[in-house]
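Text of query-v9.txt, listed as compact mmCIF, C-alpha atoms and all ligand atoms:
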# COMPACT_ATOMS: atom_id res chain seq x y z
CA MET A 142 112.64 93.99 63.31
CA ASN A 143 109.78 91.76 62.19
CA LEU A 144 107.35 89.98 64.49
CA GLN A 145 109.21 86.70 64.30
CA THR A 146 112.62 88.12 65.24
CA ALA A 147 110.96 90.20 67.96
CA GLU A 148 109.40 87.04 69.40
CA GLN A 149 112.74 85.26 69.34
CA LYS A 150 114.47 88.17 71.04
CA ILE A 151 111.70 88.45 73.65
CA ASN A 152 111.98 84.75 74.45
CA GLU A 153 115.75 84.98 74.82
CA ILE A 154 115.48 87.94 77.19
CA ARG A 155 112.72 86.30 79.24
CA THR A 156 114.79 83.15 79.70
CA LEU A 157 117.75 85.22 80.90
CA LEU A 158 115.65 87.39 83.21
CA ASN A 159 113.99 84.33 84.73
CA GLN A 160 117.37 82.77 85.37
CA TYR A 161 118.83 85.99 86.85
CA GLY A 162 115.70 86.57 88.93
CA TYR A 163 115.89 83.05 90.37
CA GLU A 164 119.58 83.46 91.23
CA TYR A 165 118.93 86.85 92.80
CA TYR A 166 115.68 86.37 94.68
CA VAL A 167 115.68 82.68 95.53
CA LEU A 168 119.37 81.83 95.82
CA ASP A 169 120.46 85.33 96.99
CA LYS A 170 123.39 84.83 94.65
CA PRO A 171 123.30 87.01 91.52
CA SER A 172 125.52 86.13 88.58
CA VAL A 173 125.28 89.50 86.77
CA PRO A 174 125.35 93.11 87.99
CA ASP A 175 121.98 94.83 88.59
CA SER A 176 122.66 97.18 85.67
CA GLU A 177 122.68 94.22 83.28
CA TYR A 178 119.40 92.93 84.71
CA ASP A 179 117.87 96.42 84.48
CA ARG A 180 119.10 96.85 80.88
CA LEU A 181 117.51 93.57 79.78
CA MET A 182 114.27 94.40 81.61
CA GLN A 183 114.16 97.78 79.88
CA GLU A 184 114.71 96.13 76.49
CA LEU A 185 111.94 93.64 77.22
CA LEU A 186 109.53 96.41 78.27
CA GLU A 187 110.27 98.34 75.09
CA LEU A 188 109.77 95.26 72.87
CA GLU A 189 106.52 94.36 74.65
CA GLU A 190 105.32 97.93 74.21
CA LYS A 191 106.11 97.82 70.50
CA TYR A 192 104.62 94.35 70.01
CA PRO A 193 101.73 94.16 72.52
CA GLU A 194 100.53 90.93 70.92
CA LEU A 195 103.66 89.26 72.35
CA LYS A 196 102.90 90.26 75.95
CA THR A 197 102.17 87.30 78.21
CA ALA A 198 100.89 87.05 81.77
CA ASP A 199 103.96 85.05 82.83
CA SER A 200 106.52 87.47 81.43
CA PRO A 201 109.10 88.62 84.01
CA SER A 202 107.95 92.18 83.20
CA GLN A 203 104.65 91.36 84.91
CA ARG A 204 106.16 90.41 88.26
CA VAL A 205 106.63 92.68 91.21
CA GLY A 206 109.73 91.00 92.50
CA GLY A 207 110.75 87.96 94.49
CA ALA A 208 109.42 84.47 94.71
CA VAL A 209 107.80 82.91 97.74
CA LEU A 210 110.12 80.48 99.48
CA GLU A 211 109.27 77.16 101.06
CA GLY A 212 110.04 76.83 104.77
CA PHE A 213 108.20 79.90 106.05
CA GLU A 214 104.52 80.43 106.70
CA LYS A 215 102.86 82.45 103.96
CA VAL A 216 101.39 85.86 104.69
CA GLU A 217 98.84 87.51 102.47
CA HIS A 218 99.37 91.27 102.26
CA ARG A 219 96.07 93.08 102.78
CA ILE A 220 97.37 95.90 100.60
CA PRO A 221 99.87 94.69 97.97
CA LEU A 222 103.51 95.73 98.29
CA LEU A 223 104.30 97.09 94.87
CA SER A 224 107.57 97.68 93.08
CA LEU A 225 108.61 101.05 91.63
CA GLY A 226 108.97 102.27 88.06
CA ASN A 227 112.54 103.17 87.16
CA ALA A 228 114.25 106.29 85.86
CA PHE A 229 117.82 106.03 84.61
CA ASN A 230 118.56 109.62 83.58
CA GLU A 231 117.40 113.22 83.82
CA GLN A 232 115.10 112.87 80.82
CA ASP A 233 113.23 109.97 82.47
CA LEU A 234 112.69 112.17 85.54
CA ARG A 235 111.42 115.07 83.41
CA ASP A 236 109.03 112.69 81.59
CA PHE A 237 107.74 111.47 84.97
CA ASP A 238 107.24 115.09 86.05
CA ARG A 239 105.35 115.89 82.85
CA ARG A 240 102.98 112.95 83.44
CA ILE A 241 102.36 114.06 87.02
CA ARG A 242 101.72 117.68 86.02
CA GLN A 243 99.34 116.60 83.27
CA ALA A 244 97.28 114.70 85.82
CA THR A 245 97.42 117.00 88.84
CA GLY A 246 98.15 120.51 87.57
CA ASP A 247 101.05 122.47 89.03
CA ASP A 248 99.95 122.46 92.65
CA PHE A 249 101.89 119.59 94.20
CA SER A 250 105.24 118.73 95.71
CA TYR A 251 107.62 115.80 95.71
CA VAL A 252 109.40 114.03 98.53
CA CYS A 253 112.84 112.61 97.70
CA GLU A 254 114.24 109.75 99.77
CA LEU A 255 117.29 107.57 99.60
CA LYS A 256 116.60 104.21 97.99
CA ILE A 257 118.04 101.83 100.55
CA ASP A 258 119.40 98.70 98.93
CA GLY A 259 117.89 96.06 101.15
CA LEU A 260 114.78 93.95 101.36
CA ALA A 261 111.22 95.29 101.45
CA VAL A 262 109.33 94.19 104.54
CA SER A 263 105.91 94.80 106.01
CA LEU A 264 105.37 95.06 109.77
CA ARG A 265 102.01 94.72 111.54
CA TYR A 266 101.27 96.17 114.95
CA GLU A 267 98.09 95.66 116.90
CA ASN A 268 97.30 98.05 119.75
CA GLY A 269 100.91 99.17 119.57
CA LEU A 270 102.37 95.66 119.78
CA PHE A 271 104.45 94.11 116.98
CA ILE A 272 102.63 90.98 115.89
CA GLN A 273 103.88 90.03 112.43
CA GLY A 274 106.56 90.84 109.89
CA ALA A 275 106.75 89.58 106.32
CA THR A 276 108.85 89.88 103.19
CA ARG A 277 107.32 91.45 100.10
CA GLY A 278 107.48 88.11 98.29
CA ASP A 279 105.63 88.39 95.01
CA GLY A 280 103.81 91.50 96.26
CA THR A 281 100.65 89.71 97.32
CA ILE A 282 102.04 86.77 99.28
CA GLY A 283 105.16 87.08 101.40
CA GLU A 284 106.95 84.94 103.97
CA ASP A 285 106.43 85.28 107.71
CA ILE A 286 109.83 86.33 109.07
CA THR A 287 108.55 87.71 112.41
CA ALA A 288 111.14 85.92 114.55
CA ASN A 289 114.05 87.12 112.42
CA LEU A 290 112.79 90.70 112.27
CA LYS A 291 112.52 90.82 116.06
CA THR A 292 116.32 90.48 116.18
CA ILE A 293 116.72 93.93 114.58
CA LYS A 294 117.44 96.12 117.56
CA SER A 295 116.24 99.41 116.07
CA MET A 296 112.82 97.91 115.34
CA PRO A 297 110.31 98.74 118.11
CA LEU A 298 108.43 95.79 119.55
CA ARG A 299 106.02 98.26 121.15
CA LEU A 300 105.07 101.64 119.72
CA ASN A 301 104.72 104.96 121.54
CA GLU A 302 100.97 104.89 120.84
CA ASN A 303 98.55 101.98 121.05
CA VAL A 304 97.69 102.02 117.37
CA SER A 305 96.99 99.20 114.94
CA ILE A 306 99.00 99.88 111.84
CA GLU A 307 100.85 98.20 108.97
CA VAL A 308 104.14 99.87 108.01
CA ARG A 309 106.62 99.24 105.24
CA GLY A 310 110.33 99.62 105.15
CA GLU A 311 113.66 98.32 104.04
CA ALA A 312 115.67 95.89 106.15
CA TYR A 313 119.34 96.18 105.27
CA MET A 314 122.83 95.20 106.25
CA PRO A 315 125.16 98.11 107.06
CA LYS A 316 128.41 98.12 105.04
CA ARG A 317 130.53 97.35 108.13
CA SER A 318 128.45 94.30 109.09
CA PHE A 319 128.62 93.11 105.49
CA GLU A 320 132.41 93.37 105.35
CA LYS A 321 132.80 91.59 108.70
CA LEU A 322 130.39 88.84 107.68
CA ASN A 323 132.18 88.18 104.40
CA LEU A 324 135.55 88.12 106.13
CA ILE A 325 134.30 85.45 108.52
CA ARG A 326 132.72 83.49 105.68
CA GLU A 327 135.95 83.52 103.72
CA GLN A 328 137.94 82.44 106.79
CA GLN A 329 135.51 79.55 107.21
CA GLY A 330 135.83 78.58 103.56
CA GLU A 331 132.28 79.68 102.76
CA GLU A 332 131.36 81.67 99.71
CA PRO A 333 131.02 85.44 100.38
CA PHE A 334 127.76 87.24 99.65
CA ALA A 335 127.75 89.28 96.43
CA ASN A 336 126.42 92.47 98.07
CA PRO A 337 124.77 93.72 101.29
CA ARG A 338 121.29 93.35 99.81
CA ASN A 339 121.74 89.66 99.14
CA ALA A 340 123.36 89.22 102.53
CA ALA A 341 120.39 90.93 104.21
CA ALA A 342 117.92 88.79 102.28
CA GLY A 343 119.87 85.63 103.12
CA SER A 344 119.98 86.59 106.80
CA LEU A 345 116.25 87.26 107.08
CA ARG A 346 115.53 83.90 105.51
CA GLN A 347 117.54 81.95 108.06
CA LEU A 348 115.34 79.38 109.71
CA ASP A 349 117.30 79.89 112.94
CA PRO A 350 116.66 83.41 114.35
CA LYS A 351 119.94 83.22 116.34
CA MET A 352 121.74 83.19 113.02
CA ALA A 353 119.76 86.24 111.86
CA ALA A 354 120.56 87.97 115.17
CA SER A 355 124.29 87.52 114.58
CA ARG A 356 124.09 89.37 111.26
CA ASN A 357 123.54 92.89 112.70
CA LEU A 358 120.78 93.99 110.39
CA ASP A 359 119.07 97.34 110.56
CA ILE A 360 115.86 98.85 109.20
CA PHE A 361 114.46 102.12 107.87
CA LEU A 362 110.70 102.55 107.65
CA TYR A 363 109.40 104.55 104.69
CA GLY A 364 105.68 104.07 104.42
CA ILE A 365 102.33 103.25 105.93
CA GLY A 366 100.30 100.50 104.25
CA ASP A 367 97.05 101.80 105.58
CA THR A 368 96.84 105.16 107.34
CA GLY A 369 93.96 103.77 109.43
CA THR A 370 92.51 106.33 111.77
CA SER A 371 95.46 108.75 111.74
CA ASP A 372 94.91 112.23 110.30
CA VAL A 373 98.01 112.03 108.08
CA VAL A 374 97.33 113.67 104.70
CA SER A 375 100.74 113.51 103.05
CA HIS A 376 103.69 111.17 102.72
CA SER A 377 106.00 113.58 104.56
CA GLU A 378 103.54 113.81 107.47
CA GLY A 379 103.40 110.01 107.42
CA LEU A 380 107.18 109.83 107.86
CA ASP A 381 107.01 112.30 110.76
CA TYR A 382 104.23 110.19 112.28
CA LEU A 383 106.44 107.07 111.97
CA ASP A 384 109.15 109.00 113.85
CA ARG A 385 106.69 109.84 116.63
CA LEU A 386 105.60 106.21 116.91
CA GLY A 387 109.24 105.27 117.57
CA PHE A 388 110.31 103.92 114.17
CA LYS A 389 113.64 104.64 112.57
CA THR A 390 113.14 106.63 109.37
CA ASN A 391 115.86 107.97 107.12
CA LYS A 392 116.44 111.65 107.84
CA GLU A 393 118.07 112.40 104.47
CA ARG A 394 114.77 113.28 102.86
CA ARG A 395 113.78 116.48 101.15
CA LYS A 396 110.55 118.02 100.01
CA CYS A 397 110.93 119.59 96.54
CA ALA A 398 108.47 121.90 94.79
CA THR A 399 109.91 121.27 91.32
CA ILE A 400 111.66 118.57 89.31
CA ASP A 401 114.76 120.81 89.18
CA GLY A 402 114.94 120.54 92.97
CA VAL A 403 114.62 116.75 92.63
CA ILE A 404 117.43 116.60 90.05
CA ASP A 405 119.61 118.70 92.32
CA PHE A 406 118.98 116.28 95.21
CA VAL A 407 119.76 113.28 92.97
CA ASN A 408 123.02 114.81 91.72
CA GLY A 409 124.10 115.66 95.27
CA TRP A 410 123.73 112.02 96.31
CA VAL A 411 125.71 110.70 93.36
CA GLU A 412 128.67 112.45 95.04
CA LYS A 413 127.83 111.71 98.69
CA ARG A 414 126.71 108.12 98.25
CA PRO A 415 130.06 106.39 98.91
CA HIS A 416 130.31 108.03 102.34
CA LEU A 417 127.09 106.54 103.71
CA PRO A 418 127.42 103.62 106.15
CA TYR A 419 124.84 101.64 104.12
CA GLU A 420 124.28 101.00 100.42
CA ILE A 421 121.78 102.97 98.40
CA ASP A 422 121.03 102.18 94.76
CA GLY A 423 119.06 105.28 93.89
CA ILE A 424 116.62 107.96 94.97
CA VAL A 425 112.88 107.41 95.34
CA ILE A 426 110.68 110.33 94.32
CA LYS A 427 107.07 110.40 95.52
CA VAL A 428 104.19 112.83 95.11
CA ASP A 429 103.60 114.09 98.65
CA SER A 430 99.82 114.52 98.89
CA LEU A 431 97.97 111.27 99.64
CA GLU A 432 94.89 112.60 97.87
CA GLN A 433 96.92 113.21 94.70
CA GLN A 434 98.54 109.77 95.07
CA LYS A 435 95.08 108.24 95.18
CA MET A 436 94.02 110.17 92.10
CA LEU A 437 97.12 109.05 90.17
CA GLY A 438 96.60 105.41 91.20
CA THR A 439 98.78 102.40 90.40
CA THR A 440 99.53 100.07 87.52
CA ALA A 441 99.64 96.31 88.19
CA LYS A 442 103.29 96.59 89.18
CA SER A 443 103.94 100.05 90.57
CA PRO A 444 102.36 103.30 91.75
CA ARG A 445 102.06 106.10 89.15
CA TRP A 446 102.86 108.67 91.85
CA ALA A 447 106.40 107.43 92.53
CA ILE A 448 109.54 106.57 90.64
CA ALA A 449 112.95 105.18 91.53
CA TYR A 450 115.92 106.92 90.00
CA LYS A 451 118.63 104.25 89.73
CA PHE A 452 122.26 105.30 90.00
CA PRO A 453 124.45 104.10 87.17
CA ALA A 454 126.18 100.90 88.29
CA GLU A 455 129.55 101.55 89.87
CA GLU A 456 131.17 99.02 87.53
CA VAL A 457 129.85 100.97 84.51
CA VAL A 458 130.97 104.29 85.96
CA THR A 459 134.50 102.94 86.39
CA THR A 460 134.53 101.71 82.83
CA LEU A 461 133.38 105.07 81.49
CA LEU A 462 136.03 106.87 83.53
CA GLU A 463 138.65 104.44 82.34
CA ILE A 464 137.64 105.05 78.75
CA GLU A 465 137.80 108.80 79.27
CA LEU A 466 141.22 108.54 80.86
CA SER A 467 142.62 106.34 78.13
CA VAL A 468 141.60 108.59 75.20
P1 LIG B 501 113.42 98.09 92.80
O1 LIG B 501 114.73 97.82 93.47
O2 LIG B 501 113.49 98.66 91.44
O3 LIG B 501 112.57 99.15 93.71
C1 LIG B 501 111.47 98.89 94.58
C2 LIG B 501 111.91 98.68 95.99
O4 LIG B 501 112.65 99.78 96.46
C3 LIG B 501 110.79 98.62 96.99
O5 LIG B 501 110.13 97.41 96.99
C4 LIG B 501 111.55 98.85 98.27
O6 LIG B 501 112.02 97.61 98.76
C5 LIG B 501 112.73 99.64 97.85
N1 LIG B 501 112.90 100.94 98.51
C6 LIG B 501 114.05 101.35 99.11
N2 LIG B 501 113.93 102.55 99.64
C7 LIG B 501 112.65 102.94 99.41
C8 LIG B 501 111.91 104.11 99.74
N3 LIG B 501 112.45 105.14 100.39
N4 LIG B 501 110.61 104.18 99.34
C9 LIG B 501 110.04 103.16 98.65
N5 LIG B 501 110.70 102.02 98.30
C10 LIG B 501 111.99 101.92 98.68
O7 LIG B 501 112.51 96.87 92.72
P2 LIG B 501 112.68 95.38 93.19
O8 LIG B 501 111.54 94.69 92.57
O9 LIG B 501 112.90 95.34 94.66
O10 LIG B 501 114.03 94.84 92.58
C11 LIG B 501 114.28 94.84 91.24
C12 LIG B 501 115.73 95.16 91.11
O11 LIG B 501 116.50 94.07 91.63
C13 LIG B 501 116.14 95.30 89.66
O12 LIG B 501 115.98 96.60 89.21
C14 LIG B 501 117.59 94.85 89.71
O13 LIG B 501 118.41 95.99 89.96
C15 LIG B 501 117.65 93.91 90.88
N6 LIG B 501 117.76 92.53 90.38
C16 LIG B 501 118.97 92.12 90.00
C17 LIG B 501 119.15 90.82 89.50
C18 LIG B 501 120.53 90.36 89.13
O14 LIG B 501 120.65 89.25 88.63
N7 LIG B 501 121.57 91.14 89.34
C19 LIG B 501 118.05 89.96 89.37
C20 LIG B 501 116.80 90.43 89.76
C21 LIG B 501 116.66 91.72 90.24

Please go through the file and, once you have read it, give me the structure as C-alpha cells.
Amino acid sequence: MNLQTAEQKINEIRTLLNQYGYEYYVLDKPSVPDSEYDRLMQELLELEEKYPELKTADSPSQRVGGAVLEGFEKVEHRIPLLSLGNAFNEQDLRDFDRRIRQATGDDFSYVCELKIDGLAVSLRYENGLFIQGATRGDGTIGEDITANLKTIKSMPLRLNENVSIEVRGEAYMPKRSFEKLNLIREQQGEEPFANPRNAAAGSLRQLDPKMAASRNLDIFLYGIGDTGTSDVVSHSEGLDYLDRLGFKTNKERRKCATIDGVIDFVNGWVEKRPHLPYEIDGIVIKVDSLEQQKMLGTTAKSPRWAIAYKFPAEEVVTTLLEIELSV
C-alpha cells in the first residue's frame, strides 16, 4: 500500500468510526455490532502505526470514548477516566504479559475481573456522603448525573466510614430489566434498545430522574480514583476496601500469578458468560501492585498496566459454528 492509498483508507475508516461512535455514544443507538467497530479501530491503529505521518489529533483513535452531551452540567474529572487497551486472542494476552515482565521483572501478580458491559461512572463522596456522580464523557469532562445515580438502590448514599473518596465503576442494566423494558417499549410502539449497555446509558441520561428510577439499574464498583489517605497498596486490597465501605463490587475476581492462570480464567468465562444475570463483554486484567502500576504509567488513552480481553462477538461465534456445521 502506498502513502496515498493508505491516506484514503484511513479517511474512509475515520469517517465510519466517527459515524458509529456518534450513533453509539450520543444516540445510544448503534447501527453495527461492536466487533465491527473494534475491527475497524484495530485496522486504523495498525495503519496509523505504519504511517505515523498520517496520525492526526482528531482521529477517533485518539479519543477515550463518549462525547459530552448538552443538557447536563459538566464535571471535570480531577483524575482522567481512561479507556483500556484491547486484547482479542491469547497471543495479545501473552504480548501484554511480555511487556509487563520486561518492565517489572517476574515479581508481580494480576487481578482478573469481569468486564461489565455498562457505562463508566465516577462517584464522589465527602466525609462519607455521596455528593456527585458523573459519566466518563470524553475522559476529562463528563456529565453530572448525580440525581439519576441516586436512584440505583445498591449505591450507598452514605459510606461505612467518613472518608472523602472518588470511586469508579460500571452502571449497568441487568438482563431481566432490559428484556422487560424492551417488551414495554415494543408494546408502546417505541423502538427497543439495541443492548443493555445502550439502555443503561440512555436511562442515566434521562433528564427526569423518575424515568431513570423506573429502569432498575445496578452498579459494580471496580476502582478508586485517588486512594487518598487509605493504606491500600494493591488493586485487590482496594476492592476489599470498597467492600468494607459498603460498595457493591463484583465477587467473580481472581488473583493470578501467571498469564496461564489469566488465560484459564478467560476461557472459563467464555463458557459461563451466558448464565450471568448481566452482560459482560470481556475480562479486564490489571497488574495488582499500585507501585508497579505507577511505574508502568499510562498512554494518552489507557493505562499500560491493564488490558481488556474482548470476547468474540456472539454473532461471529454463531457464524463460525454454522460454517463448521455446514462443512
Ligand atoms: P472499552 O469497552 O474497550 O473498555 C473500557 C471500559 O471498560 C471502562 O471505561 C469501563 O467502563 C469498562 N469496565 C468494565 N468493567 C471494568 C473493570 N472491571 N475494570 C475496569 N474497567 C471496566 O472502552 P470504551 O471506550 O468504553 O468503549 C469502546 C467500545 O465501545 C468499543 O470497543 C466498541 O466495542 C464499543 N463501541 C461500539 C460502537 C458501535 O457502533 N457498535 C461504537 C463505538 C464504540

>> Using all atoms listed in the file, can you tell me which of A:Asn339, A:Gln328, A:Ser200, A:Asn303 comes closest to ligand LIG 501 (chain B)?
In response: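 Result for the nearest residue to ligand LIG 501 (chain B): A:Asn339.
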
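Remark: for A:Leu345, the closest of the candidate residues A:Thr287, A:Thr197, A:Thr390, A:Ser318 is A:Thr287 (distances computed over only C-alpha atoms).
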
8 Å per side around ligand LIG 501 (chain B): axis-aligned box centre and edge lengths, as AutoDock Vina command-line options:
--center_x 115.8 --center_y 97.2 --center_z 94.5 --size_x 27.5 --size_y 31.9 --size_z 27.8

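Atom CA of A:Ala454 is found 10.1 Å from atom CA of A:Gly423.
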
> Interatomic distance between atom CA of A:Gly364 and atom CA of A:Lys427?
Replying inline: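 Going from atom CA of A:Gly364 over to atom CA of A:Lys427, I get 11.0 Å.
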
Proximity of chain A to ligand LIG 501 (chain B): per-residue shortest pair, 8 Å limit, all atoms listed in the file, as a Markdown table:
| residue | atom | partner | partner_atom | distance |
| --- | --- | --- | --- | --- |
| A:Leu158 | CA | B:LIG501 | C19 | 7.1 |
| A:Gln160 | CA | B:LIG501 | O14 | 8.0 |
| A:Tyr161 | CA | B:LIG501 | O14 | 4.1 |
| A:Gly162 | CA | B:LIG501 | C20 | 4.1 |
| A:Tyr163 | CA | B:LIG501 | C19 | 7.3 |
| A:Glu164 | CA | B:LIG501 | O14 | 6.4 |
| A:Tyr165 | CA | B:LIG501 | C19 | 4.7 |
| A:Tyr166 | CA | B:LIG501 | C20 | 6.5 |
| A:Lys170 | CA | B:LIG501 | O14 | 8.0 |
| A:Pro171 | CA | B:LIG501 | O14 | 4.5 |
| A:Ser172 | CA | B:LIG501 | O14 | 5.8 |
| A:Val173 | CA | B:LIG501 | N7 | 4.8 |
| A:Pro174 | CA | B:LIG501 | N7 | 4.5 |
| A:Asp175 | CA | B:LIG501 | N7 | 3.8 |
| A:Ser176 | CA | B:LIG501 | O13 | 6.2 |
| A:Glu177 | CA | B:LIG501 | N7 | 6.9 |
| A:Tyr178 | CA | B:LIG501 | C18 | 5.2 |
| A:Asp179 | CA | B:LIG501 | O12 | 5.1 |
| A:Val205 | CA | B:LIG501 | O8 | 5.5 |
| A:Gly206 | CA | B:LIG501 | O8 | 4.1 |
| A:Gly207 | CA | B:LIG501 | O8 | 7.0 |
| A:Leu222 | CA | B:LIG501 | O5 | 7.0 |
| A:Leu223 | CA | B:LIG501 | O5 | 6.2 |
| A:Ser224 | CA | B:LIG501 | C1 | 4.4 |
| A:Leu225 | CA | B:LIG501 | C1 | 4.6 |
| A:Gly226 | CA | B:LIG501 | O2 | 6.7 |
| A:Asn227 | CA | B:LIG501 | O2 | 6.3 |
| A:Cys253 | CA | B:LIG501 | N3 | 7.9 |
| A:Glu254 | CA | B:LIG501 | N3 | 5.0 |
| A:Leu255 | CA | B:LIG501 | N3 | 5.5 |
| A:Lys256 | CA | B:LIG501 | N2 | 3.6 |
| A:Ile257 | CA | B:LIG501 | C6 | 4.3 |
| A:Asp258 | CA | B:LIG501 | C6 | 6.0 |
| A:Gly259 | CA | B:LIG501 | O6 | 6.5 |
| A:Leu260 | CA | B:LIG501 | O6 | 5.3 |
| A:Ala261 | CA | B:LIG501 | O6 | 3.6 |
| A:Val262 | CA | B:LIG501 | O6 | 7.2 |
| A:Arg277 | CA | B:LIG501 | O5 | 7.3 |
| A:Gly310 | CA | B:LIG501 | O6 | 6.9 |
| A:Glu311 | CA | B:LIG501 | O6 | 5.6 |
| A:Leu362 | CA | B:LIG501 | N3 | 7.9 |
| A:Tyr363 | CA | B:LIG501 | N3 | 5.3 |
| A:Gly364 | CA | B:LIG501 | N4 | 7.1 |
| A:Ile421 | CA | B:LIG501 | C6 | 7.9 |
| A:Asp422 | CA | B:LIG501 | O1 | 7.8 |
| A:Ile424 | CA | B:LIG501 | N3 | 7.4 |
| A:Val425 | CA | B:LIG501 | N3 | 5.6 |
| A:Ile426 | CA | B:LIG501 | N4 | 7.9 |
| A:Ala449 | CA | B:LIG501 | O3 | 6.4 |
| A:Lys451 | CA | B:LIG501 | O2 | 7.8 |

> In terms of the shortest atom-to-atom distance over all atoms listed in the file, which of A:Ala147, A:Ile404, A:Leu157, A:Leu264 is closest to A:Pro193?
Replying inline: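 Smallest distance to A:Pro193 is found for A:Ala147.
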
> Given the choices A:Pro201, A:Gly409, A:Pro297, A:Gly280, which gets closest to A:Leu181 if the distance is worked out from all atoms listed in the file?
Replying inline: A:Pro201

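Distance check against A:Glu307 using only C-alpha atoms: of A:Ala447, A:Val252, A:Leu348, A:Leu383, the minimum falls on A:Leu383.
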
> By how many Å are atom CA of A:Glu327 and atom CA of A:Val167 apart?
Replying inline: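 Between atom CA of A:Glu327 and atom CA of A:Val167 the gap is 21.9 Å.
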
> Using all atoms listed in the file, which residue out of A:Val374, A:Ala398, A:Val411, A:Ile360 lies closest to A:Tyr313?
Replying inline: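 With all atoms listed in the file as the atom set, the closest residue is A:Ile360.
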
> Using all atoms listed in the file, which residues sit within 12 Å of A:Ser295 once same-chain residues fewer than 4 positions away are excluded, as a PyMOL selection string?
Replying inline: chain A and resi 290-291+299-300+312-313+357-362+387-390

10 Å contact set for A:Gln347, all atoms listed in the file, chain neighbours under 3 positions out, as a PDB file with C-alpha atoms, in the coordinates of the input:
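Once everything was written out, this is out33.pdb:
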ATOM      1  CA  GLY A 212     110.040  76.830 104.770  1.00  0.00           C
ATOM      2  CA  PHE A 213     108.200  79.900 106.050  1.00  0.00           C
ATOM      3  CA  ILE A 286     109.830  86.330 109.070  1.00  0.00           C
ATOM      4  CA  ALA A 288     111.140  85.920 114.550  1.00  0.00           C
ATOM      5  CA  ASN A 289     114.050  87.120 112.420  1.00  0.00           C
ATOM      6  CA  ALA A 342     117.920  88.790 102.280  1.00  0.00           C
ATOM      7  CA  GLY A 343     119.870  85.630 103.120  1.00  0.00           C
ATOM      8  CA  SER A 344     119.980  86.590 106.800  1.00  0.00           C
ATOM      9  CA  PRO A 350     116.660  83.410 114.350  1.00  0.00           C
ATOM     10  CA  LYS A 351     119.940  83.220 116.340  1.00  0.00           C
ATOM     11  CA  MET A 352     121.740  83.190 113.020  1.00  0.00           C
ATOM     12  CA  ALA A 353     119.760  86.240 111.860  1.00  0.00           C
ATOM     13  CA  ALA A 354     120.560  87.970 115.170  1.00  0.00           C
TER      14      ALA A 354
END

Quick test: take stretch 366-412 of chain A, keep C-alpha atoms, and write it as a tab-separated table (two decimals), in the first residue's frame.
chain	number	residue	atom	x	y	z
A	366	GLY	CA	-9.63	7.32	41.53
A	367	ASP	CA	-7.43	8.53	44.31
A	368	THR	CA	-6.52	6.30	47.23
A	369	GLY	CA	-6.33	9.42	49.43
A	370	THR	CA	-5.26	8.64	52.95
A	371	SER	CA	-6.07	4.92	52.89
A	372	ASP	CA	-3.20	2.45	53.28
A	373	VAL	CA	-4.26	0.39	50.25
A	374	VAL	CA	-1.21	-0.79	48.30
A	375	SER	CA	-2.77	-3.03	45.66
A	376	HIS	CA	-5.81	-3.15	43.41
A	377	SER	CA	-7.16	-6.26	45.16
A	378	GLU	CA	-6.86	-4.56	48.56
A	379	GLY	CA	-8.65	-1.57	47.01
A	380	LEU	CA	-11.57	-3.80	46.01
A	381	ASP	CA	-11.74	-5.27	49.53
A	382	TYR	CA	-11.67	-1.72	50.91
A	383	LEU	CA	-14.60	-0.78	48.62
A	384	ASP	CA	-16.48	-3.78	50.06
A	385	ARG	CA	-15.82	-2.55	53.60
A	386	LEU	CA	-17.03	0.94	52.73
A	387	GLY	CA	-20.36	-0.58	51.66
A	388	PHE	CA	-20.00	-0.61	47.86
A	389	LYS	CA	-21.09	-3.45	45.65
A	390	THR	CA	-18.07	-4.99	43.93
A	391	ASN	CA	-18.10	-7.99	41.64
A	392	LYS	CA	-17.03	-11.09	43.54
A	393	GLU	CA	-16.02	-13.07	40.44
A	394	ARG	CA	-12.46	-11.81	40.57
A	395	ARG	CA	-9.28	-13.80	40.77
A	396	LYS	CA	-5.68	-13.05	41.55
A	397	CYS	CA	-3.34	-14.86	39.12
A	398	ALA	CA	0.43	-15.23	39.43
A	399	THR	CA	0.93	-16.05	35.74
A	400	ILE	CA	-0.58	-15.33	32.34
A	401	ASP	CA	-1.52	-19.02	32.08
A	402	GLY	CA	-3.76	-18.52	35.11
A	403	VAL	CA	-5.27	-15.46	33.39
A	404	ILE	CA	-5.93	-17.42	30.18
A	405	ASP	CA	-7.56	-20.17	32.20
A	406	PHE	CA	-9.85	-17.61	33.88
A	407	VAL	CA	-10.73	-16.06	30.48
A	408	ASN	CA	-11.56	-19.44	28.93
A	409	GLY	CA	-13.72	-20.39	31.91
A	410	TRP	CA	-15.84	-17.27	31.43
A	411	VAL	CA	-16.33	-17.84	27.71
A	412	GLU	CA	-18.36	-20.88	28.83
